[in-house]
$ cat data_31.cif   # mmCIF, C-alpha atoms and all ligand atoms
data_upload
#
loop_
_atom_site.label_atom_id
_atom_site.label_comp_id
_atom_site.auth_asym_id
_atom_site.auth_seq_id
_atom_site.Cartn_x
_atom_site.Cartn_y
_atom_site.Cartn_z
CA MET A 1 47.29 20.34 -63.90
CA THR A 2 46.12 20.97 -60.36
CA GLU A 3 42.64 19.94 -59.40
CA CYS A 4 41.60 23.50 -58.58
CA GLU A 5 42.20 24.75 -62.10
CA SER A 6 39.95 22.10 -63.59
CA ILE A 7 36.67 23.36 -62.18
CA GLU A 8 34.70 26.60 -62.20
CA MET A 9 31.57 27.25 -60.19
CA VAL A 10 28.95 29.98 -60.36
CA TYR A 11 25.97 30.20 -58.03
CA GLU A 12 23.16 32.43 -59.26
CA LYS A 13 19.39 32.47 -58.70
CA HIS A 14 19.37 29.12 -56.91
CA VAL A 15 21.26 27.49 -59.77
CA LEU A 16 24.75 26.06 -59.21
CA LYS A 17 26.61 25.96 -62.52
CA ILE A 18 29.69 23.77 -62.56
CA LYS A 19 32.07 23.84 -65.48
CA ILE A 20 34.72 21.15 -65.59
CA ARG A 21 37.88 21.62 -67.63
CA GLY A 22 40.39 18.99 -68.63
CA ASP A 23 40.20 15.22 -68.42
CA ILE A 24 37.84 13.43 -66.07
CA ASP A 25 39.48 10.25 -64.84
CA HIS A 26 40.09 8.53 -61.52
CA HIS A 27 43.02 10.86 -60.83
CA SER A 28 41.07 14.11 -61.26
CA ALA A 29 37.73 12.82 -59.96
CA LYS A 30 38.54 13.04 -56.26
CA GLY A 31 39.30 16.77 -56.28
CA ILE A 32 36.34 17.53 -58.53
CA ARG A 33 34.01 15.51 -56.32
CA GLU A 34 35.09 17.18 -53.09
CA LYS A 35 34.73 20.66 -54.57
CA ILE A 36 31.30 20.01 -56.05
CA ASP A 37 29.87 18.30 -52.97
CA SER A 38 31.05 20.99 -50.56
CA ASN A 39 29.37 23.60 -52.77
CA ILE A 40 26.15 21.62 -53.12
CA PHE A 41 25.90 21.22 -49.35
CA SER A 42 26.82 24.82 -48.50
CA LYS A 43 24.75 26.58 -51.20
CA ARG A 44 21.86 24.08 -51.29
CA PRO A 45 20.80 25.09 -54.83
CA ALA A 46 17.46 24.19 -56.41
CA MET A 47 19.27 23.15 -59.54
CA VAL A 48 22.71 21.76 -60.32
CA VAL A 49 24.04 22.15 -63.88
CA LEU A 50 27.12 20.16 -64.83
CA ASP A 51 28.70 21.82 -67.86
CA LEU A 52 30.80 19.26 -69.76
CA SER A 53 31.17 21.33 -72.93
CA VAL A 54 34.96 21.56 -72.76
CA VAL A 55 35.66 18.06 -71.42
CA GLU A 56 37.36 16.06 -74.14
CA PHE A 57 38.22 12.95 -72.20
CA MET A 58 36.14 11.01 -69.72
CA ASP A 59 36.20 7.34 -68.73
CA SER A 60 34.04 5.25 -66.40
CA SER A 61 35.44 7.13 -63.39
CA GLY A 62 33.58 10.12 -64.83
CA LEU A 63 30.38 8.08 -64.94
CA GLY A 64 30.83 7.33 -61.25
CA LEU A 65 31.48 11.00 -60.58
CA ILE A 66 28.30 12.05 -62.41
CA MET A 67 26.10 9.37 -60.81
CA GLY A 68 27.46 10.37 -57.41
CA ARG A 69 26.76 14.09 -57.94
CA TYR A 70 23.28 13.22 -59.19
CA ALA A 71 22.76 11.36 -55.90
CA THR A 72 24.12 14.30 -53.87
CA SER A 73 21.76 16.68 -55.69
CA LYS A 74 18.76 14.44 -55.07
CA GLU A 75 19.75 14.23 -51.43
CA ILE A 76 19.15 17.98 -51.00
CA GLY A 77 16.16 17.93 -53.36
CA ALA A 78 17.89 19.71 -56.24
CA ASN A 79 17.32 19.02 -59.92
CA PHE A 80 20.35 17.83 -61.86
CA LEU A 81 21.27 18.53 -65.46
CA ILE A 82 24.18 17.61 -67.71
CA TYR A 83 24.99 20.38 -70.18
CA LYS A 84 26.58 19.96 -73.59
CA PRO A 85 28.66 16.83 -73.44
CA CYS A 86 30.83 16.40 -76.56
CA LYS A 87 30.34 13.39 -78.82
CA ARG A 88 32.99 11.33 -77.02
CA VAL A 89 31.55 11.93 -73.58
CA LYS A 90 28.06 11.27 -74.91
CA LYS A 91 29.20 7.89 -76.17
CA ILE A 92 30.15 6.88 -72.63
CA LEU A 93 27.02 8.37 -71.08
CA GLU A 94 24.85 6.43 -73.51
CA LEU A 95 26.72 3.21 -72.89
CA ALA A 96 25.73 3.45 -69.24
CA GLY A 97 22.17 4.58 -70.04
CA VAL A 98 22.65 7.84 -68.14
CA GLU A 99 20.11 9.66 -70.34
CA ARG A 100 17.39 7.40 -68.96
CA ILE A 101 18.12 8.58 -65.43
CA MET A 102 18.96 12.26 -65.77
CA GLU A 103 18.46 15.14 -68.16
CA ILE A 104 21.09 15.92 -70.78
CA LYS A 105 20.80 19.28 -72.54
CA GLY A 106 22.62 20.88 -75.48
CA ASP A 107 23.35 19.29 -78.83
CA ASP A 108 26.72 17.76 -79.50
CA ASP A 109 26.68 18.50 -83.22
CA ASN A 110 28.23 21.92 -82.79
CA GLU A 111 31.99 22.19 -82.85
CA GLU A 112 33.35 22.21 -79.33
CA LYS A 113 35.66 24.97 -78.26
CA MET B 1 51.63 -15.15 -84.41
CA LYS B 2 53.64 -13.26 -86.98
CA LYS B 3 56.20 -10.66 -86.03
CA SER B 4 54.85 -7.24 -85.16
CA ASP B 5 55.90 -4.18 -87.11
CA ASN B 6 56.65 -2.11 -84.04
CA HIS B 7 56.22 -2.41 -80.31
CA MET B 8 56.46 -0.47 -77.08
CA LYS B 9 56.87 -1.55 -73.46
CA LEU B 10 56.08 0.63 -70.51
CA TYR B 11 56.40 -0.04 -66.78
CA LEU B 12 54.71 2.40 -64.44
CA PRO B 13 54.16 2.48 -60.68
CA SER B 14 50.50 2.33 -59.69
CA LEU B 15 50.07 6.05 -59.05
CA SER B 16 46.88 7.70 -60.25
CA VAL B 17 48.92 10.51 -61.81
CA ASN B 18 50.17 7.90 -64.31
CA GLU B 19 46.68 7.19 -65.71
CA GLY B 20 46.89 10.19 -68.03
CA LEU B 21 50.47 9.40 -68.95
CA ALA B 22 49.61 5.79 -69.83
CA ARG B 23 46.80 6.66 -72.23
CA GLN B 24 48.79 9.55 -73.71
CA ALA B 25 51.84 7.35 -74.31
CA VAL B 26 49.79 4.65 -76.02
CA ALA B 27 48.02 7.27 -78.13
CA SER B 28 51.35 8.77 -79.23
CA PHE B 29 52.65 5.35 -80.22
CA ILE B 30 49.50 4.43 -82.16
CA ALA B 31 49.61 7.82 -83.91
CA GLN B 32 52.29 6.33 -86.18
CA LEU B 33 49.43 4.49 -87.93
CA ASN B 34 47.44 7.68 -88.58
CA PRO B 35 44.29 6.47 -86.85
CA THR B 36 41.04 8.45 -86.92
CA ILE B 37 40.29 10.69 -83.93
CA GLU B 38 37.50 8.29 -83.02
CA GLU B 39 39.87 5.31 -83.01
CA ILE B 40 42.48 7.08 -80.92
CA SER B 41 39.82 8.22 -78.44
CA ASP B 42 38.47 4.68 -78.14
CA ILE B 43 41.93 3.29 -77.45
CA LYS B 44 42.78 6.01 -74.94
CA CYS B 45 39.63 5.30 -73.00
CA ALA B 46 40.15 1.52 -72.99
CA VAL B 47 43.74 1.95 -71.73
CA SER B 48 42.55 4.34 -69.05
CA GLU B 49 40.01 1.77 -67.85
CA ALA B 50 42.51 -1.06 -67.58
CA VAL B 51 45.21 1.02 -65.88
CA THR B 52 42.72 2.57 -63.45
CA ASN B 53 41.45 -0.90 -62.53
CA SER B 54 44.98 -2.05 -61.72
CA ILE B 55 45.49 0.99 -59.49
CA VAL B 56 42.06 1.08 -57.83
CA HIS B 57 41.33 -2.64 -57.48
CA GLY B 58 44.52 -4.62 -58.12
CA TYR B 59 46.92 -2.54 -56.04
CA LYS B 60 44.36 -1.15 -53.62
CA PHE B 61 46.41 -2.05 -50.58
CA LYS B 62 49.93 -1.68 -51.93
CA GLU B 63 51.93 0.06 -54.60
CA GLY B 64 52.99 -2.07 -57.53
CA ILE B 65 54.12 -2.00 -61.12
CA ILE B 66 51.75 -1.89 -64.09
CA TYR B 67 53.05 -3.30 -67.36
CA ILE B 68 51.75 -1.90 -70.63
CA GLY B 69 52.75 -3.50 -73.90
CA VAL B 70 51.60 -2.22 -77.29
CA LYS B 71 52.32 -3.65 -80.72
CA TYR B 72 50.93 -3.25 -84.18
CA TYR B 73 51.00 -5.32 -87.34
CA SER B 74 51.13 -4.47 -91.02
CA ASP B 75 47.38 -5.17 -91.35
CA ARG B 76 46.83 -2.26 -88.87
CA THR B 77 45.89 -4.49 -85.97
CA VAL B 78 46.82 -2.96 -82.63
CA VAL B 79 47.34 -5.28 -79.65
CA ILE B 80 47.52 -3.81 -76.15
CA GLU B 81 48.47 -5.85 -73.11
CA ILE B 82 48.05 -4.49 -69.57
CA LYS B 83 49.21 -6.47 -66.56
CA ASP B 84 49.39 -6.09 -62.80
CA ASN B 85 50.45 -8.30 -59.92
CA GLY B 86 47.69 -7.15 -57.62
CA CYS B 87 44.96 -9.05 -55.81
CA GLY B 88 43.48 -10.54 -58.97
CA ILE B 89 39.85 -11.35 -59.78
CA GLN B 90 38.07 -14.37 -58.34
CA ASP B 91 35.33 -14.63 -60.96
CA VAL B 92 36.30 -12.91 -64.21
CA LYS B 93 32.98 -13.53 -65.92
CA LEU B 94 31.07 -11.94 -63.07
CA ALA B 95 33.52 -9.00 -62.89
CA MET B 96 32.91 -8.31 -66.58
CA THR B 97 29.15 -8.03 -66.17
CA PRO B 98 28.08 -4.43 -66.91
CA LEU B 99 27.30 -2.49 -63.71
CA TYR B 100 29.06 -5.08 -61.56
CA THR B 101 31.44 -3.48 -59.09
CA THR B 102 33.04 -4.49 -55.80
CA ASP B 103 33.42 -0.81 -54.91
CA THR B 104 31.61 0.26 -51.76
CA THR B 105 32.12 4.03 -51.93
CA GLY B 106 29.28 4.53 -54.42
CA GLU B 107 31.68 6.36 -56.74
CA ARG B 108 32.15 3.55 -59.32
CA SER B 109 29.64 2.55 -61.95
CA GLY B 110 30.96 -0.91 -62.83
CA MET B 111 31.24 0.04 -66.49
CA GLY B 112 35.00 -0.26 -67.04
CA PHE B 113 34.99 -3.65 -68.73
CA ALA B 114 31.91 -2.69 -70.75
CA VAL B 115 33.81 0.35 -72.04
CA MET B 116 36.83 -1.77 -73.00
CA GLN B 117 34.56 -4.27 -74.71
CA THR B 118 32.65 -1.62 -76.64
CA PHE B 119 35.64 0.50 -77.70
CA MET B 120 37.93 -2.37 -78.73
CA ASP B 121 37.29 -5.27 -81.13
CA LYS B 122 38.46 -7.99 -78.78
CA LEU B 123 39.01 -8.19 -75.03
CA ASP B 124 40.59 -11.05 -73.17
CA VAL B 125 40.82 -10.97 -69.38
CA ARG B 126 42.74 -13.55 -67.39
CA SER B 127 43.40 -13.71 -63.71
CA ILE B 128 44.74 -16.04 -61.14
CA ASN B 129 43.19 -15.02 -57.86
CA GLY B 130 45.85 -13.43 -55.69
CA GLN B 131 48.29 -13.11 -58.57
CA GLY B 132 47.04 -10.24 -60.64
CA VAL B 133 45.24 -9.57 -63.88
CA ARG B 134 46.31 -9.70 -67.51
CA ILE B 135 44.24 -7.94 -70.14
CA VAL B 136 44.78 -8.21 -73.88
CA MET B 137 42.78 -5.87 -76.12
CA THR B 138 42.82 -5.79 -79.89
CA LYS B 139 41.58 -3.23 -82.37
CA LYS B 140 41.94 -3.22 -86.15
CA LEU B 141 42.28 0.31 -87.48
CA SER B 142 40.52 1.40 -90.65
N1 LIG C 1 43.11 -5.27 -62.24
C1 LIG C 1 42.15 -5.69 -61.39
N2 LIG C 1 42.49 -6.31 -60.21
C2 LIG C 1 41.54 -6.73 -59.34
N3 LIG C 1 40.22 -6.62 -59.55
C3 LIG C 1 39.81 -6.04 -60.69
C4 LIG C 1 40.74 -5.54 -61.67
N4 LIG C 1 40.05 -5.03 -62.70
C5 LIG C 1 38.75 -5.18 -62.40
N5 LIG C 1 38.58 -5.78 -61.19
C6 LIG C 1 37.28 -6.15 -60.56
O1 LIG C 1 36.28 -6.13 -61.55
C7 LIG C 1 35.21 -5.24 -61.17
C8 LIG C 1 34.61 -4.61 -62.40
O2 LIG C 1 35.55 -3.72 -63.06
P1 LIG C 1 34.99 -2.51 -63.94
O3 LIG C 1 36.14 -1.73 -64.42
O4 LIG C 1 34.04 -3.05 -64.94
O5 LIG C 1 34.13 -1.67 -62.89
P2 LIG C 1 34.66 -0.76 -61.68
O6 LIG C 1 36.12 -0.53 -61.82
O7 LIG C 1 34.20 -1.38 -60.42
O8 LIG C 1 33.87 0.60 -61.92
P3 LIG C 1 34.22 1.73 -63.03
O9 LIG C 1 35.26 1.16 -63.95
O10 LIG C 1 32.94 1.98 -63.73
O11 LIG C 1 34.72 2.89 -62.26
C9 LIG C 1 35.84 -4.29 -60.17
O12 LIG C 1 34.88 -3.75 -59.30
C10 LIG C 1 36.86 -5.17 -59.46
O13 LIG C 1 36.23 -5.92 -58.46
MG MG C 2 36.99 0.12 -63.59
#
$ encode --input "data_31.cif" --output "structure tokens" --more "lines below"
Ligand SMILES: Nc1ncnc2c1ncn2[C@@H]1O[C@H](COP(=O)(O)OP(=O)(O)OP(=O)(O)O)[C@@H](O)[C@H]1O
Ligand SMILES: [Mg+2]
Amino acid sequence: MTECESIEMVYEKHVLKIKIRGDIDHHSAKGIREKIDSNIFSKRPAMVVLDLSVVEFMDSSGLGLIMGRYATSKEIGANFLIYKPCKRVKKILELAGVERIMEIKGDDDNEEK
Amino acid sequence: MKKSDNHMKLYLPSLSVNEGLARQAVASFIAQLNPTIEEISDIKCAVSEAVTNSIVHGYKFKEGIIYIGVKYYSDRTVVIEIKDNGCGIQDVKLAMTPLYTTDTTGERSGMGFAVMQTFMDKLDVRSINGQGVRIVMTKKLS
């Protein structure tokens, strides 16, 4: 899978919605990071939404990616939100205490597509 | 220790593209035991952590070989060994502290060992500084 296929971005009404597809690991993180950061800096949204609803695999490299994008968002004064992580991804987020730092929205009880 | 029921050995160069392959290969092998989705996901994640560490930290300045050995026993215990000949870890106990990282890019959370510890039943990390790292992880399937 190429890095470009794994991410989708929509900018609307000052909200930058980022949907990641596929696995988030060290290998895919670099391309995802570069794409997100260049969009955050060029669009300067008021709100960044990271949609993880179709991500089935994520390891600690994903934690680093999320923490880093949270920091980038704060840097430009944007709010940051994680949307619909599946149960697996939530397990990792909770291990790192991410929910104490940033907002996570959407319940994981629904079947993921 | 008693003889394992089945085993697999894998040698991969330290290329990031092999992270996915490594966890997928281990998952396919373990699938012979009909593990739960939760168990297979835990194991995949732990393997990904160890292999990524070898690539990112161990072989940071050179390319090297990562060894992955997997075996299972009739009592459904899975033993995974991951080894590199990279720079090694000076203080293993410190390295295993949650949130501890030597990374300076701000893109690592220092949670890799914590993930391995949480997702597996047992984790043993050994290192001779300058001579690489050997990790042995064990998980008993339900
Ligand atoms: N195979 C290895 N060779 C050399 N050093 C290692 C190895 N594995 C881990 N380390 C050291 O142990 C530290 C902690 O590892 P851990 O996986 O917990 O966190 P991290 O890799 O820094 O961050 P994260 O895994 O969250 O991206 C690393 O920063 C590194 O200094
Ligand atoms: Mg790590």
$ interface_residues --input "data_31.cif" --of "chain A" --to "chain B" --cutoff "10 Å" --atoms "all atoms listed in the file" --output "count of residues only"
30
$ atom_distance --input "data_31.cif" --atom1 "atom CA of Ser42 of chain A" --atom2 "atom CA of Ile7 of chain A"
16.9 Å
$ atom_distance --input "data_31.cif" --atom1 "atom CA of Val55 of chain A" --atom2 "atom CA of Gly106 of chain A"
13.9 Å
$ residues_near_point --input "data_31.cif" --point "(42.8, -12.7, -63.0)" --cutoff "12 Å" --atoms "only C-alpha atoms" --output "ChimeraX atom specification"
/B:53-54,57-58,82-96,124-136
$ axis_aligned_box --input "data_31.cif" --around "ligand LIG 1 (chain C)" --padding-each-side "8 Å" --output "AutoDock Vina command-line options"
--center_x 38.0 --center_y -1.9 --center_z -61.7 --size_x 26.2 --size_y 25.6 --size_z 22.5
$ atom_distance --input "data_31.cif" --atom1 "atom CA of Thr102 of chain B" --atom2 "atom O8 of ligand LIG 1 (chain C)"
8.0 Å
$ closest_residue --input "data_31.cif" --among "A:Val48, A:Leu93, A:Ile101, A:Ile32" --to "ligand LIG 1 (chain C)" --atoms "all atoms listed in the file"
A:Leu93
$ residues_around --input "data_31.cif" --residues "Arg44 of chain A" --least-positions-apart "3" --cutoff "7 Å" --atoms "all atoms listed in the file" --output "ChimeraX atom specification"
/A:40-41,76
$ closest_residue --input "data_31.cif" --among "B:Leu141, B:Ala25, B:Ala50, B:Ile65" --to "ligand MG 2 (chain C)" --atoms "all atoms listed in the file"
B:Ala50
$ residues_near_point --input "data_31.cif" --point "(30.7, 22.7, -70.5)" --cutoff "8 Å" --atoms "all atoms listed in the file" --output "number ranges by chain"
A: 19-21, 50-55, 83-85
$ residues_around --input "data_31.cif" --residues "Lys71 of chain B" --least-positions-apart "6" --cutoff "10 Å" --atoms "all atoms listed in the file" --output "list in words"
Lys3, Ser4, Asp5, Asn6, His7, Met8, Lys9, Val26, Phe29, Ile30, Thr77, Val78, Val79, Ile80, Glu81 and Thr138 of chain B
$ closest_residue --input "data_31.cif" --among "B:Asp121, B:Ser142, B:Val51, B:Val70" --to "ligand MG 2 (chain C)" --atoms "all atoms listed in the file"
B:Val51
$ closest_residue --input "data_31.cif" --among "B:Lys139, B:Leu123, B:Tyr100, B:Leu33" --to "ligand MG 2 (chain C)" --atoms "only C-alpha atoms and all ligand atoms"
B:Tyr100
